[in-house]
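Trainee: Sharing upload.txt here; it has compact mmCIF, C-alpha atoms.
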```txt
# COMPACT_ATOMS: atom_id res chain seq x y z
CA MET A 1 -63.60 60.93 27.23
CA THR A 2 -66.48 59.04 25.62
CA ASN A 3 -70.05 59.73 26.68
CA HIS A 4 -72.31 56.68 26.63
CA VAL A 5 -75.90 56.81 25.41
CA HIS A 6 -78.46 54.05 25.62
CA GLN A 7 -80.50 54.70 22.50
CA PRO A 8 -79.05 54.74 18.93
CA ALA A 9 -78.30 58.28 17.78
CA PHE A 10 -76.92 58.67 14.27
CA MET A 11 -75.12 61.79 13.07
CA THR A 12 -74.57 63.07 9.52
CA GLY A 13 -72.29 66.03 10.17
CA ASP A 14 -75.09 68.53 9.67
CA GLU A 15 -74.69 69.26 13.37
CA PHE A 16 -71.49 71.13 12.54
CA SER A 17 -71.16 74.33 10.56
CA ILE A 18 -67.92 75.87 9.28
CA ASP A 19 -68.06 79.60 8.66
CA THR A 20 -66.06 81.43 5.98
CA PHE A 21 -63.45 83.88 7.23
CA SER A 22 -63.43 87.13 5.23
CA LEU A 23 -62.17 90.67 5.72
CA LEU A 24 -62.68 92.59 2.46
CA ASP A 25 -65.87 92.92 0.46
CA ALA A 26 -65.90 93.11 -3.34
CA GLU A 27 -65.36 96.88 -3.22
CA GLY A 28 -62.20 96.61 -1.18
CA GLU A 29 -63.85 97.76 2.06
CA LEU A 30 -63.34 96.08 5.41
CA TYR A 31 -66.42 94.38 6.80
CA ARG A 32 -67.83 95.81 10.01
CA GLY A 33 -65.94 94.32 12.92
CA ALA A 34 -63.05 93.13 10.74
CA SER A 35 -59.45 94.13 11.43
CA GLU A 36 -56.70 94.52 8.86
CA PRO A 37 -53.80 92.07 9.20
CA ALA A 38 -50.35 93.38 10.03
CA LEU A 39 -49.41 93.92 6.40
CA GLU A 40 -46.98 96.78 5.79
CA ARG A 41 -47.16 99.03 2.73
CA ASP A 42 -44.20 97.55 0.84
CA HIS A 43 -45.32 94.01 1.58
CA ALA A 44 -48.84 94.75 0.39
CA ARG A 45 -47.53 96.34 -2.81
CA ARG A 46 -45.27 93.38 -3.50
CA LEU A 47 -48.22 91.08 -3.03
CA TYR A 48 -50.43 93.04 -5.41
CA GLN A 49 -47.71 93.38 -8.05
CA ALA A 50 -47.31 89.61 -8.05
CA MET A 51 -51.06 89.19 -8.52
CA LEU A 52 -51.11 91.65 -11.40
CA ALA A 53 -48.02 90.17 -13.04
CA THR A 54 -49.52 86.68 -12.84
CA ARG A 55 -52.75 87.87 -14.45
CA ILE A 56 -50.82 89.51 -17.29
CA LEU A 57 -48.56 86.50 -17.81
CA ASP A 58 -51.61 84.25 -18.02
CA GLU A 59 -53.39 86.46 -20.53
CA ARG A 60 -50.39 86.71 -22.86
CA MET A 61 -49.43 83.04 -22.67
CA MET A 62 -52.95 81.85 -23.38
CA ALA A 63 -52.90 84.10 -26.43
CA ALA A 64 -49.54 82.60 -27.42
CA GLN A 65 -51.01 79.11 -27.13
CA ARG A 66 -53.91 80.08 -29.37
CA GLN A 67 -51.40 81.42 -31.90
CA GLY A 68 -49.68 78.04 -31.99
CA ARG A 69 -46.51 79.31 -30.33
CA LEU A 70 -47.03 77.23 -27.18
CA SER A 71 -48.36 73.69 -26.91
CA PHE A 72 -50.32 73.97 -23.66
CA TYR A 73 -51.12 76.41 -20.86
CA MET A 74 -53.08 76.65 -17.59
CA GLN A 75 -54.23 79.93 -16.09
CA CYS A 76 -54.56 81.09 -12.48
CA VAL A 77 -57.21 83.70 -13.38
CA GLY A 78 -59.60 84.23 -10.47
CA GLU A 79 -57.44 82.37 -7.96
CA GLU A 80 -54.56 84.81 -7.56
CA ALA A 81 -55.57 85.88 -4.05
CA ALA A 82 -55.70 82.30 -2.80
CA VAL A 83 -52.30 81.37 -4.18
CA ILE A 84 -50.33 84.58 -3.64
CA GLY A 85 -52.00 85.57 -0.39
CA ALA A 86 -51.03 82.22 1.10
CA THR A 87 -47.47 82.41 -0.21
CA ALA A 88 -47.01 85.92 1.17
CA ALA A 89 -47.80 84.64 4.68
CA LEU A 90 -45.00 82.07 4.59
CA ASP A 91 -41.32 82.34 5.28
CA ASP A 92 -39.53 82.45 1.92
CA ALA A 93 -37.62 79.31 2.99
CA ASP A 94 -40.80 77.30 3.60
CA MET A 95 -41.35 74.58 1.01
CA ILE A 96 -44.21 74.90 -1.47
CA MET A 97 -45.55 71.82 -3.23
CA ALA A 98 -47.95 72.96 -5.92
CA GLN A 99 -50.48 71.30 -8.18
CA TYR A 100 -50.39 73.15 -11.52
CA ARG A 101 -52.14 76.50 -11.13
CA GLU A 102 -49.82 78.16 -8.63
CA GLN A 103 -47.45 80.16 -10.82
CA GLY A 104 -48.36 83.15 -8.67
CA ALA A 105 -46.42 81.63 -5.77
CA LEU A 106 -43.27 81.62 -7.89
CA MET A 107 -44.01 85.11 -9.16
CA TYR A 108 -44.23 86.40 -5.59
CA ARG A 109 -40.96 84.73 -4.61
CA GLY A 110 -39.06 86.27 -7.50
CA PHE A 111 -39.11 83.73 -10.33
CA SER A 112 -38.20 85.85 -13.36
CA ILE A 113 -40.22 86.09 -16.55
CA ASP A 114 -37.19 84.59 -18.30
CA GLU A 115 -37.39 81.55 -16.01
CA PHE A 116 -41.11 81.16 -16.70
CA MET A 117 -40.56 81.37 -20.45
CA ASN A 118 -37.63 78.96 -20.51
CA GLN A 119 -39.80 76.31 -18.88
CA LEU A 120 -42.83 77.00 -21.05
CA PHE A 121 -40.80 76.64 -24.24
CA GLY A 122 -38.58 73.85 -22.91
CA ASN A 123 -35.41 75.44 -24.24
CA GLU A 124 -31.76 74.94 -23.30
CA LEU A 125 -32.10 77.14 -20.20
CA ASP A 126 -35.12 75.29 -18.81
CA TYR A 127 -34.26 73.81 -15.40
CA GLY A 128 -36.16 70.67 -16.37
CA LYS A 129 -34.21 70.36 -19.65
CA GLY A 130 -37.38 70.30 -21.71
CA ARG A 131 -38.59 67.03 -20.18
CA GLN A 132 -41.80 68.42 -18.72
CA MET A 133 -44.85 69.82 -20.45
CA PRO A 134 -45.49 73.57 -19.99
CA VAL A 135 -46.48 75.01 -16.55
CA HIS A 136 -44.58 72.26 -14.70
CA TYR A 137 -42.26 74.69 -12.94
CA GLY A 138 -39.73 74.03 -10.22
CA SER A 139 -37.11 76.08 -8.39
CA ARG A 140 -34.68 74.77 -5.81
CA LYS A 141 -33.52 78.27 -4.86
CA LEU A 142 -37.10 79.44 -4.25
CA HIS A 143 -38.12 76.29 -2.34
CA TYR A 144 -40.77 75.33 -4.88
CA MET A 145 -40.88 71.61 -5.60
CA THR A 146 -41.07 70.71 -9.28
CA ILE A 147 -44.64 69.96 -10.32
CA SER A 148 -45.60 66.47 -11.44
CA SER A 149 -48.63 65.75 -13.62
CA PRO A 150 -50.36 62.93 -11.69
CA LEU A 151 -53.06 64.48 -9.54
CA ALA A 152 -52.53 64.77 -5.76
CA THR A 153 -49.10 63.08 -5.59
CA GLN A 154 -47.68 66.20 -3.96
CA ILE A 155 -50.00 65.94 -0.94
CA PRO A 156 -48.43 62.91 0.81
CA GLN A 157 -45.02 64.13 -0.34
CA ALA A 158 -45.70 67.34 1.58
CA THR A 159 -46.37 65.34 4.73
CA GLY A 160 -43.10 63.49 4.32
CA TYR A 161 -41.12 66.64 3.64
CA ALA A 162 -42.68 68.36 6.66
CA TYR A 163 -41.71 65.38 8.81
CA GLY A 164 -38.12 66.01 7.76
CA GLN A 165 -38.50 69.68 8.66
CA LYS A 166 -39.77 68.67 12.09
CA LEU A 167 -36.70 66.48 12.64
CA ALA A 168 -34.38 69.26 11.41
CA GLY A 169 -35.93 71.69 13.88
CA ASP A 170 -35.30 74.78 11.71
CA GLY A 171 -38.72 76.32 12.35
CA LEU A 172 -39.93 75.84 8.76
CA CYS A 173 -43.05 74.25 7.33
CA THR A 174 -44.43 72.95 4.04
CA LEU A 175 -47.54 74.22 2.27
CA THR A 176 -49.14 72.12 -0.43
CA PHE A 177 -51.73 73.45 -2.87
CA PHE A 178 -54.41 71.30 -4.50
CA GLY A 179 -57.92 71.60 -5.85
CA GLU A 180 -61.09 70.16 -4.39
CA GLY A 181 -61.04 67.55 -7.15
CA ALA A 182 -57.65 66.30 -5.99
CA ALA A 183 -59.13 65.93 -2.49
CA SER A 184 -61.09 62.99 -3.89
CA GLU A 185 -57.87 61.06 -4.47
CA GLY A 186 -56.71 58.51 -1.92
CA ASP A 187 -53.43 60.40 -1.58
CA PHE A 188 -55.32 63.22 0.13
CA HIS A 189 -56.66 61.02 2.91
CA ALA A 190 -53.39 59.16 3.42
CA ALA A 191 -51.52 62.45 3.68
CA LEU A 192 -53.86 64.00 6.24
CA ASN A 193 -53.87 60.89 8.36
CA MET A 194 -50.07 60.61 8.37
CA ALA A 195 -49.68 64.30 9.14
CA SER A 196 -52.02 64.12 12.13
CA VAL A 197 -50.58 60.91 13.54
CA HIS A 198 -46.96 62.07 13.22
CA LYS A 199 -47.73 65.72 14.06
CA VAL A 200 -45.82 67.49 11.32
CA PRO A 201 -45.70 71.18 10.31
CA VAL A 202 -47.67 71.05 7.06
CA ILE A 203 -50.45 73.26 5.71
CA PHE A 204 -52.89 71.60 3.31
CA PHE A 205 -54.29 74.38 1.15
CA CYS A 206 -57.33 73.44 -0.90
CA ARG A 207 -58.35 75.81 -3.69
CA ASN A 208 -62.05 74.98 -3.93
CA ASN A 209 -62.82 76.61 -7.28
CA GLY A 210 -66.06 74.77 -7.83
CA TYR A 211 -65.02 72.44 -10.63
CA ALA A 212 -62.80 69.41 -11.13
CA ILE A 213 -62.27 70.19 -14.82
CA SER A 214 -65.94 69.91 -15.90
CA THR A 215 -67.38 68.20 -12.81
CA PRO A 216 -69.09 70.64 -10.42
CA ALA A 217 -68.54 70.33 -6.71
CA VAL A 218 -72.10 69.14 -6.10
CA GLU A 219 -71.31 66.04 -8.16
CA GLN A 220 -67.97 65.42 -6.44
CA PHE A 221 -69.02 65.07 -2.81
CA ALA A 222 -72.17 65.20 -0.71
CA ALA A 223 -70.73 66.91 2.37
CA ASP A 224 -70.18 70.63 2.97
CA GLY A 225 -66.98 71.08 0.99
CA ILE A 226 -63.54 69.88 2.02
CA ALA A 227 -63.08 71.59 5.39
CA PRO A 228 -65.23 69.15 7.47
CA ARG A 229 -62.90 66.30 6.53
CA ALA A 230 -60.33 67.72 8.94
CA PHE A 231 -62.49 66.60 11.87
CA GLY A 232 -61.92 62.98 10.92
CA TYR A 233 -58.19 63.51 11.40
CA HIS A 234 -58.42 65.72 14.51
CA MET A 235 -56.82 68.54 12.54
CA HIS A 236 -57.00 72.33 12.78
CA VAL A 237 -59.11 73.73 9.95
CA ILE A 238 -60.33 77.06 8.60
CA ARG A 239 -62.48 78.04 5.63
CA VAL A 240 -61.62 81.35 4.00
CA ASP A 241 -62.89 83.57 1.19
CA GLY A 242 -60.35 82.68 -1.49
CA ASN A 243 -60.95 85.92 -3.39
CA ASP A 244 -60.09 88.03 -0.34
CA VAL A 245 -56.32 88.32 -0.27
CA LEU A 246 -56.21 89.85 3.22
CA ALA A 247 -58.27 87.02 4.68
CA VAL A 248 -56.14 84.39 2.93
CA PHE A 249 -52.97 86.06 4.15
CA GLU A 250 -54.14 86.22 7.77
CA ALA A 251 -55.56 82.69 7.79
CA THR A 252 -52.32 81.28 6.40
CA ARG A 253 -50.18 83.37 8.74
CA GLN A 254 -51.98 81.94 11.74
CA ALA A 255 -51.98 78.44 10.25
CA ARG A 256 -48.22 78.66 9.85
CA LYS A 257 -47.90 79.66 13.51
CA ILE A 258 -49.80 76.53 14.53
CA ALA A 259 -47.78 74.33 12.18
CA VAL A 260 -44.36 75.59 13.22
CA GLU A 261 -44.85 76.28 16.92
CA GLN A 262 -47.05 73.28 17.73
CA ASN A 263 -45.93 70.81 15.03
CA GLN A 264 -49.54 70.39 14.02
CA PRO A 265 -50.99 70.12 10.50
CA VAL A 266 -53.65 72.58 9.32
CA LEU A 267 -56.23 72.35 6.54
CA ILE A 268 -57.29 75.56 4.78
CA GLU A 269 -60.18 75.56 2.33
CA ALA A 270 -60.21 78.67 0.14
CA MET A 271 -63.56 79.24 -1.55
CA THR A 272 -62.82 80.70 -4.96
CA TYR A 273 -63.63 80.29 -8.66
CA ARG A 274 -61.72 79.44 -11.80
CA LEU A 275 -62.63 82.29 -14.15
CA ALA A 276 -60.70 80.75 -17.05
CA ALA A 277 -60.94 77.33 -18.63
CA HIS A 278 -59.37 74.37 -16.84
CA SER A 279 -56.59 74.49 -19.41
CA SER A 280 -56.00 75.55 -23.00
CA SER A 281 -57.56 72.21 -24.00
CA ASP A 282 -60.84 72.92 -22.20
CA ASP A 283 -64.02 74.78 -23.19
CA PRO A 284 -66.02 75.67 -20.06
CA SER A 285 -69.03 76.85 -22.07
CA GLY A 286 -69.95 73.18 -22.36
CA TYR A 287 -70.57 72.74 -18.64
CA ARG A 288 -71.27 76.11 -17.00
CA LEU A 289 -73.26 79.25 -17.74
CA LYS A 290 -71.82 82.61 -18.72
CA SER A 291 -74.05 84.21 -16.09
CA GLU A 292 -72.30 82.16 -13.42
CA GLU A 293 -68.91 83.35 -14.62
CA GLU A 294 -70.07 86.97 -14.68
CA THR A 295 -71.30 86.70 -11.10
CA TRP A 296 -67.83 85.65 -10.02
CA ARG A 297 -66.11 88.32 -12.12
CA LEU A 298 -67.74 90.85 -9.80
CA LYS A 299 -65.67 89.23 -7.03
CA ASP A 300 -62.39 89.52 -8.97
CA PRO A 301 -59.57 89.17 -6.38
CA VAL A 302 -57.14 91.40 -8.29
CA LEU A 303 -59.60 94.29 -8.50
CA ARG A 304 -60.57 93.85 -4.86
CA MET A 305 -56.94 94.15 -3.76
CA GLN A 306 -56.37 97.10 -6.07
CA LYS A 307 -59.34 99.00 -4.62
CA TRP A 308 -58.15 98.39 -1.07
CA LEU A 309 -54.64 99.63 -1.87
CA MET A 310 -55.95 102.77 -3.58
CA LYS A 311 -58.23 103.61 -0.68
CA LYS A 312 -55.23 103.42 1.62
CA GLY A 313 -53.19 105.64 -0.70
CA TRP A 314 -50.70 102.83 -1.35
CA TRP A 315 -51.40 102.59 -5.10
CA SER A 316 -52.58 104.94 -7.83
CA GLU A 317 -54.16 104.89 -11.29
CA GLU A 318 -50.87 106.11 -12.76
CA GLU A 319 -48.94 103.28 -11.14
CA GLU A 320 -51.53 100.79 -12.34
CA THR A 321 -51.21 101.93 -15.95
CA ARG A 322 -47.42 102.00 -15.82
CA GLU A 323 -47.17 98.59 -14.16
CA GLN A 324 -49.51 96.96 -16.68
CA GLU A 325 -47.69 98.43 -19.69
CA THR A 326 -44.26 97.51 -18.33
CA ARG A 327 -45.26 93.95 -17.47
CA ARG A 328 -46.96 93.30 -20.82
CA GLN A 329 -43.92 94.50 -22.72
CA GLU A 330 -41.61 92.43 -20.54
CA VAL A 331 -43.66 89.30 -21.19
CA LEU A 332 -43.71 89.87 -24.95
CA ASP A 333 -40.00 90.66 -25.20
CA THR A 334 -39.02 87.71 -23.02
CA MET A 335 -41.24 85.31 -24.94
CA LYS A 336 -39.59 86.26 -28.22
CA ARG A 337 -36.17 85.53 -26.74
CA ALA A 338 -37.20 82.25 -25.16
CA GLU A 339 -38.83 80.72 -28.23
CA LYS A 340 -35.70 81.42 -30.30
CA ARG A 341 -33.35 79.66 -27.91
CA THR A 342 -32.19 76.21 -28.92
CA ALA A 343 -33.56 73.04 -27.40
CA PRO A 344 -31.60 71.14 -24.74
CA PRO A 345 -29.05 68.75 -26.25
CA LEU A 346 -30.53 65.37 -27.03
CA GLU A 347 -28.08 63.71 -24.63
CA SER A 348 -29.79 65.41 -21.70
CA LEU A 349 -32.58 62.87 -22.01
CA VAL A 350 -30.34 60.24 -20.44
CA SER A 351 -27.28 62.02 -19.08
CA ASP A 352 -28.47 62.56 -15.51
CA VAL A 353 -31.13 59.92 -14.96
CA TYR A 354 -28.50 57.84 -13.16
CA ALA A 355 -24.96 58.73 -12.08
CA ASP A 356 -23.79 56.85 -15.17
CA VAL A 357 -25.82 56.05 -18.26
CA THR A 358 -26.89 52.42 -18.00
CA PRO A 359 -26.42 50.02 -20.94
CA GLU A 360 -30.18 49.79 -21.41
CA LEU A 361 -30.59 53.57 -21.53
CA GLN A 362 -27.68 53.82 -23.96
CA ARG A 363 -29.27 51.23 -26.21
CA GLN A 364 -32.58 53.12 -26.22
CA PHE A 365 -30.79 56.40 -26.89
CA ASP A 366 -28.89 54.92 -29.83
CA GLN A 367 -32.19 53.69 -31.28
CA LEU A 368 -33.67 57.17 -30.85
CA LYS A 369 -30.78 58.80 -32.71
CA LYS A 370 -31.10 56.30 -35.53
CA HIS A 371 -34.83 57.02 -35.78
CA ILE A 372 -34.31 60.80 -35.85
CA ARG A 373 -31.64 60.49 -38.53
CA ARG A 374 -34.12 58.59 -40.66
CA TYR A 375 -37.01 61.01 -40.13
CA PRO A 376 -35.40 64.40 -39.36
CA GLU A 377 -38.33 66.40 -40.73
CA ALA A 378 -40.56 64.92 -38.01
CA TYR A 379 -38.15 65.87 -35.21
CA PRO A 380 -36.58 69.19 -36.23
CA ARG A 381 -35.28 70.01 -32.75
CA GLY A 382 -33.73 66.61 -32.28
CA ALA A 383 -32.30 66.72 -35.78
CA ARG A 384 -30.60 70.03 -35.11
CA SER A 385 -29.17 68.60 -31.90
CA LEU A 386 -27.58 65.88 -34.04
CA ASP A 387 -26.31 68.49 -36.51
CA LEU A 388 -28.65 67.28 -39.22
CA ASP A 389 -29.93 69.64 -41.88
CA VAL A 390 -33.70 69.43 -41.54
CA ASP A 391 -34.17 71.04 -44.95
CA THR A 392 -32.53 68.04 -46.60
CA ALA A 393 -34.96 65.62 -44.99
CA ASN A 394 -35.87 63.86 -48.21
CA ASP A 395 -32.23 63.24 -49.11
CA ALA A 396 -31.50 61.89 -45.65
CA GLN A 397 -34.45 59.54 -45.82
CA GLY A 398 -33.44 58.35 -49.26
CA ASP A 399 -29.94 57.51 -48.04
CA ALA A 400 -31.28 55.50 -45.09
```
Please lay out the structure from this file as structure tokens.

Mentor:
Amino acid sequence: MTNHVHQPAFMTGDEFSIDTFSLLDAEGELYRGASEPALERDHARRLYQAMLATRILDERMMAAQRQGRLSFYMQCVGEEAAVIGATAALDDADMIMAQYREQGALMYRGFSIDEFMNQLFGNELDYGKGRQMPVHYGSRKLHYMTISSPLATQIPQATGYAYGQKLAGDGLCTLTFFGEGAASEGDFHAALNMASVHKVPVIFFCRNNGYAISTPAVEQFAADGIAPRAFGYHMHVIRVDGNDVLAVFEATRQARKIAVEQNQPVLIEAMTYRLAAHSSSDDPSGYRLKSEEETWRLKDPVLRMQKWLMKKGWWSEEEETREQETRRQEVLDTMKRAEKRTAPPLESLVSDVYADVTPELQRQFDQLKKHIRRYPEAYPRGARSLDLDVDTANDAQGDA
């Protein structure tokens, strides 16, 4: 029903205020009046172990990149609660469409360190056959759609996939992760509009970490974050403390209930902070202060969860030490194995693009092989795939 007025009255949105849902403070204590979600001991421990394992994986792989053993890496440091807390609230068969900082979701669902390493090094066991750059994971068995580099493409895809889930009627939903920078892409708006119009079971999960690479949020949009945009699409919305894993878990659990039972989309904005650089190619000291980072380190989501578990008697200092040592050794041992494995065969570049290799693809592939044979020292992996001796590069070039 529309109310009529007879004098112009403009609105800016300042009339609305969206609060931030939170349960745990930085010391792992429940706020007064807050209630713990229905999270059993084993579930809570699994959640925390995934957060800790993700933190350790990130630390070691960034070090490996700095050593020249890995070409590129992106960390989840500071955002583990947002990613893993949300994943833990889903059914394991729900689809996840990630951006590029959600390795914690895979960790929680059981992606092995071997599987992580195979993708990072693009070896013969990599599911993507070495075609993707590092951190572009995917797992059919764990219902985690393979990541694509272009920003925000997964958001409308999530709407489409959720529409299929609605038609199938299996009681499942899709959750798509993205940053507040990606919410500036047109794909974001198209996706939310389609989801609301067609009423599909999708959860749009925005990790608002304050920066789109080097651009701070205040220079990205004038409104109060991302959450108010849901009003324009008549969509359920909640803003949550993204460093509070209990709050993220409960918000996502209830969002999933709305999505699945009512076939309605939900927008979640998790307020968090990227403690690490945007990627291994970024230096955040050029655009933000160390004092700002230190302020957010006091809100570390991993430590907050750890303190809560210990206060409940569900975790101990001894377990913490043992878990950290075991995980670090596992990462190091697995990395050594993965980087020694051979590359995928060169033929895999074209073998399953189409059902049969097209004449044009075959022509391009033949040209590639000819080029590698001429310059084997520049393409050692490709040369080995063609059974060329890279050490005899000069002889091979002289014979060309």

Trainee: Just the number, please: distance in Å from CA of Trp314 (chain A) to CA of Arg41 (chain A), one decimal.

Mentor: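 Going from CA of Trp314 (chain A) over to CA of Arg41 (chain A), I get 6.6 Å.
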
Trainee: If we count only C-alpha atoms and set the cut-off at 10 Å, which residues sit around region 328-330 of chain A, ignoring sequence neighbours fewer than 5 positions away in its own chain? Please answer as an MDAnalysis selection string.

Mentor: chainID A and resid 53 56:57 59:60 113:114 323 335

Trainee: Pick out the residues sitting within 12 Å of Glu339 (chain A), and hand them over as a list in words; count all atoms listed in the file, and ignore anything fewer than 6 positions along from it in its own chain.

Mentor: Ala64, Gly68, Arg69, Leu70, Ser71, Asp114, Phe116, Met117, Asn118, Gln119, Leu120, Phe121, Gly122, Asn123, Glu124, Leu125, Asp126, Leu332 and Asp333 of chain A

Trainee: Can you pull out the residues contacting Tyr108 (chain A)? Cut-off 12 Å, using all atoms listed in the file, and skip same-chain residues under 5 positions away; I want them as a PDB file with C-alpha atoms, keeping the file's coordinate frame.

Mentor:
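Final output, saved to part.pdb:
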```
ATOM      1  CA  HIS A  43     -45.320  94.010   1.580  1.00  0.00           C
ATOM      2  CA  ALA A  44     -48.840  94.750   0.390  1.00  0.00           C
ATOM      3  CA  ARG A  45     -47.530  96.340  -2.810  1.00  0.00           C
ATOM      4  CA  ARG A  46     -45.270  93.380  -3.500  1.00  0.00           C
ATOM      5  CA  LEU A  47     -48.220  91.080  -3.030  1.00  0.00           C
ATOM      6  CA  TYR A  48     -50.430  93.040  -5.410  1.00  0.00           C
ATOM      7  CA  GLN A  49     -47.710  93.380  -8.050  1.00  0.00           C
ATOM      8  CA  ALA A  50     -47.310  89.610  -8.050  1.00  0.00           C
ATOM      9  CA  MET A  51     -51.060  89.190  -8.520  1.00  0.00           C
ATOM     10  CA  LEU A  52     -51.110  91.650 -11.400  1.00  0.00           C
ATOM     11  CA  ALA A  53     -48.020  90.170 -13.040  1.00  0.00           C
ATOM     12  CA  THR A  54     -49.520  86.680 -12.840  1.00  0.00           C
ATOM     13  CA  GLU A  80     -54.560  84.810  -7.560  1.00  0.00           C
ATOM     14  CA  ALA A  81     -55.570  85.880  -4.050  1.00  0.00           C
ATOM     15  CA  VAL A  83     -52.300  81.370  -4.180  1.00  0.00           C
ATOM     16  CA  ILE A  84     -50.330  84.580  -3.640  1.00  0.00           C
ATOM     17  CA  GLY A  85     -52.000  85.570  -0.390  1.00  0.00           C
ATOM     18  CA  ALA A  86     -51.030  82.220   1.100  1.00  0.00           C
ATOM     19  CA  THR A  87     -47.470  82.410  -0.210  1.00  0.00           C
ATOM     20  CA  ALA A  88     -47.010  85.920   1.170  1.00  0.00           C
ATOM     21  CA  ALA A  89     -47.800  84.640   4.680  1.00  0.00           C
ATOM     22  CA  LEU A  90     -45.000  82.070   4.590  1.00  0.00           C
ATOM     23  CA  ASP A  91     -41.320  82.340   5.280  1.00  0.00           C
ATOM     24  CA  ASP A  92     -39.530  82.450   1.920  1.00  0.00           C
ATOM     25  CA  GLU A 102     -49.820  78.160  -8.630  1.00  0.00           C
ATOM     26  CA  GLN A 103     -47.450  80.160 -10.820  1.00  0.00           C
ATOM     27  CA  ILE A 113     -40.220  86.090 -16.550  1.00  0.00           C
ATOM     28  CA  LEU A 142     -37.100  79.440  -4.250  1.00  0.00           C
ATOM     29  CA  TYR A 144     -40.770  75.330  -4.880  1.00  0.00           C
TER      30      TYR A 144
END
```

Trainee: What does the structure give for the distance between CA of Glu320 (chain A) and CA of Gln306 (chain A), in Å to one decimal?

Mentor: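 Atom-to-atom, CA of Glu320 (chain A) and CA of Gln306 (chain A) are spaced 8.7 Å apart.
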
Trainee: Would you compute the distance between CA of Arg207 (chain A) and CA of Leu39 (chain A)? Give it in Å to one decimal.

Mentor: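 Between CA of Arg207 (chain A) and CA of Leu39 (chain A) the gap works out to 22.6 Å.
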
Trainee: Taking all atoms listed in the file into account, produce a table as a Markdown table in which each residue of region 195-225 of chain A with an atom at most 12 Å from an atom of region 244-251 of chain A appears once, together with its shortest atom pair and the distance in Å to one decimal, ordered by chain and rising number.

Mentor:
```
| residue | atom | partner | partner_atom | distance |
| --- | --- | --- | --- | --- |
| A:Ile203 | CA | A:Ala251 | CA | 10.9 |
| A:Phe205 | CA | A:Val248 | CA | 10.3 |
| A:Cys206 | CA | A:Val248 | CA | 11.7 |
| A:Arg207 | CA | A:Val248 | CA | 11.1 |
```

Trainee: Got a sec to check which residues sit within 10 Å of (-62.7, 64.9, 6.5), counting all atoms listed in the file, and write them as a list of chain:residue names?

Mentor: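 Here is the list of nearby residues: A:Ala183, A:Phe188, A:His189, A:Leu192, A:Asn193, A:Ala223, A:Gly225, A:Ile226, A:Ala227, A:Pro228, A:Arg229, A:Ala230, A:Phe231, A:Gly232, A:Tyr233, A:His234, A:Met235, A:Leu267.
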
Trainee: Counting all atoms listed in the file, select every polymer residue within 12 Å of (-38.2, 66.0, 10.3) as defined in the file's coordinates, and provide the selection as a list of chain:residue names.

Mentor: A:Ala158, A:Thr159, A:Gly160, A:Tyr161, A:Ala162, A:Tyr163, A:Gly164, A:Gln165, A:Lys166, A:Leu167, A:Ala168, A:Gly169, A:Asp170, A:Gly171, A:Leu172, A:Cys173, A:Thr174, A:Ala195, A:His198, A:Lys199, A:Val200, A:Pro201, A:Val202, A:Val260, A:Asn263

Trainee: Name all residues at most 8 Å from Val77 (chain A) (count only C-alpha atoms; drop same-chain ones fewer than 3 positions away) and give them as a PyMOL selection string.

Mentor: chain A and resi 55+58+80+274-276

Trainee: Residues within 10 Å of Trp296 (chain A), please, as a PyMOL selection string. Count only C-alpha atoms; anything in the same chain fewer than 5 positions from it doesn't count.

Mentor: chain A and resi 78+243+272-275+291+301

Trainee: From the options A:Arg337, A:Lys299, A:Lys129, A:Arg374, which residue's atoms come nearest to Ser351 (chain A), counting all atoms listed in the file?

Mentor: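 Of A:Arg337, A:Lys299, A:Lys129, A:Arg374, the one nearest Ser351 (chain A), counting all atoms listed in the file, is A:Lys129.
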
Trainee: Determine the nearest neighbour of Ile213 (chain A) from the options A:Tyr379, A:Trp315, A:Tyr287, A:Phe16, counting all atoms listed in the file.

Mentor: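 Ranking A:Tyr379, A:Trp315, A:Tyr287, A:Phe16 by distance to Ile213 (chain A), first place goes to A:Tyr287.
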
Trainee: Counting all atoms listed in the file, figure out which residue out of A:Ala38, A:Ala270, A:Ala105, A:Ala93 gets nearest to His143 (chain A).

Mentor: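 When distances to His143 (chain A) are compared using all atoms listed in the file, the smallest one comes from A:Ala93.
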
Trainee: I'd like to know which of A:Ala343, A:Val218, A:Met11, A:Leu175 is closest to Pro265 (chain A), using all atoms listed in the file.

Mentor: A:Leu175
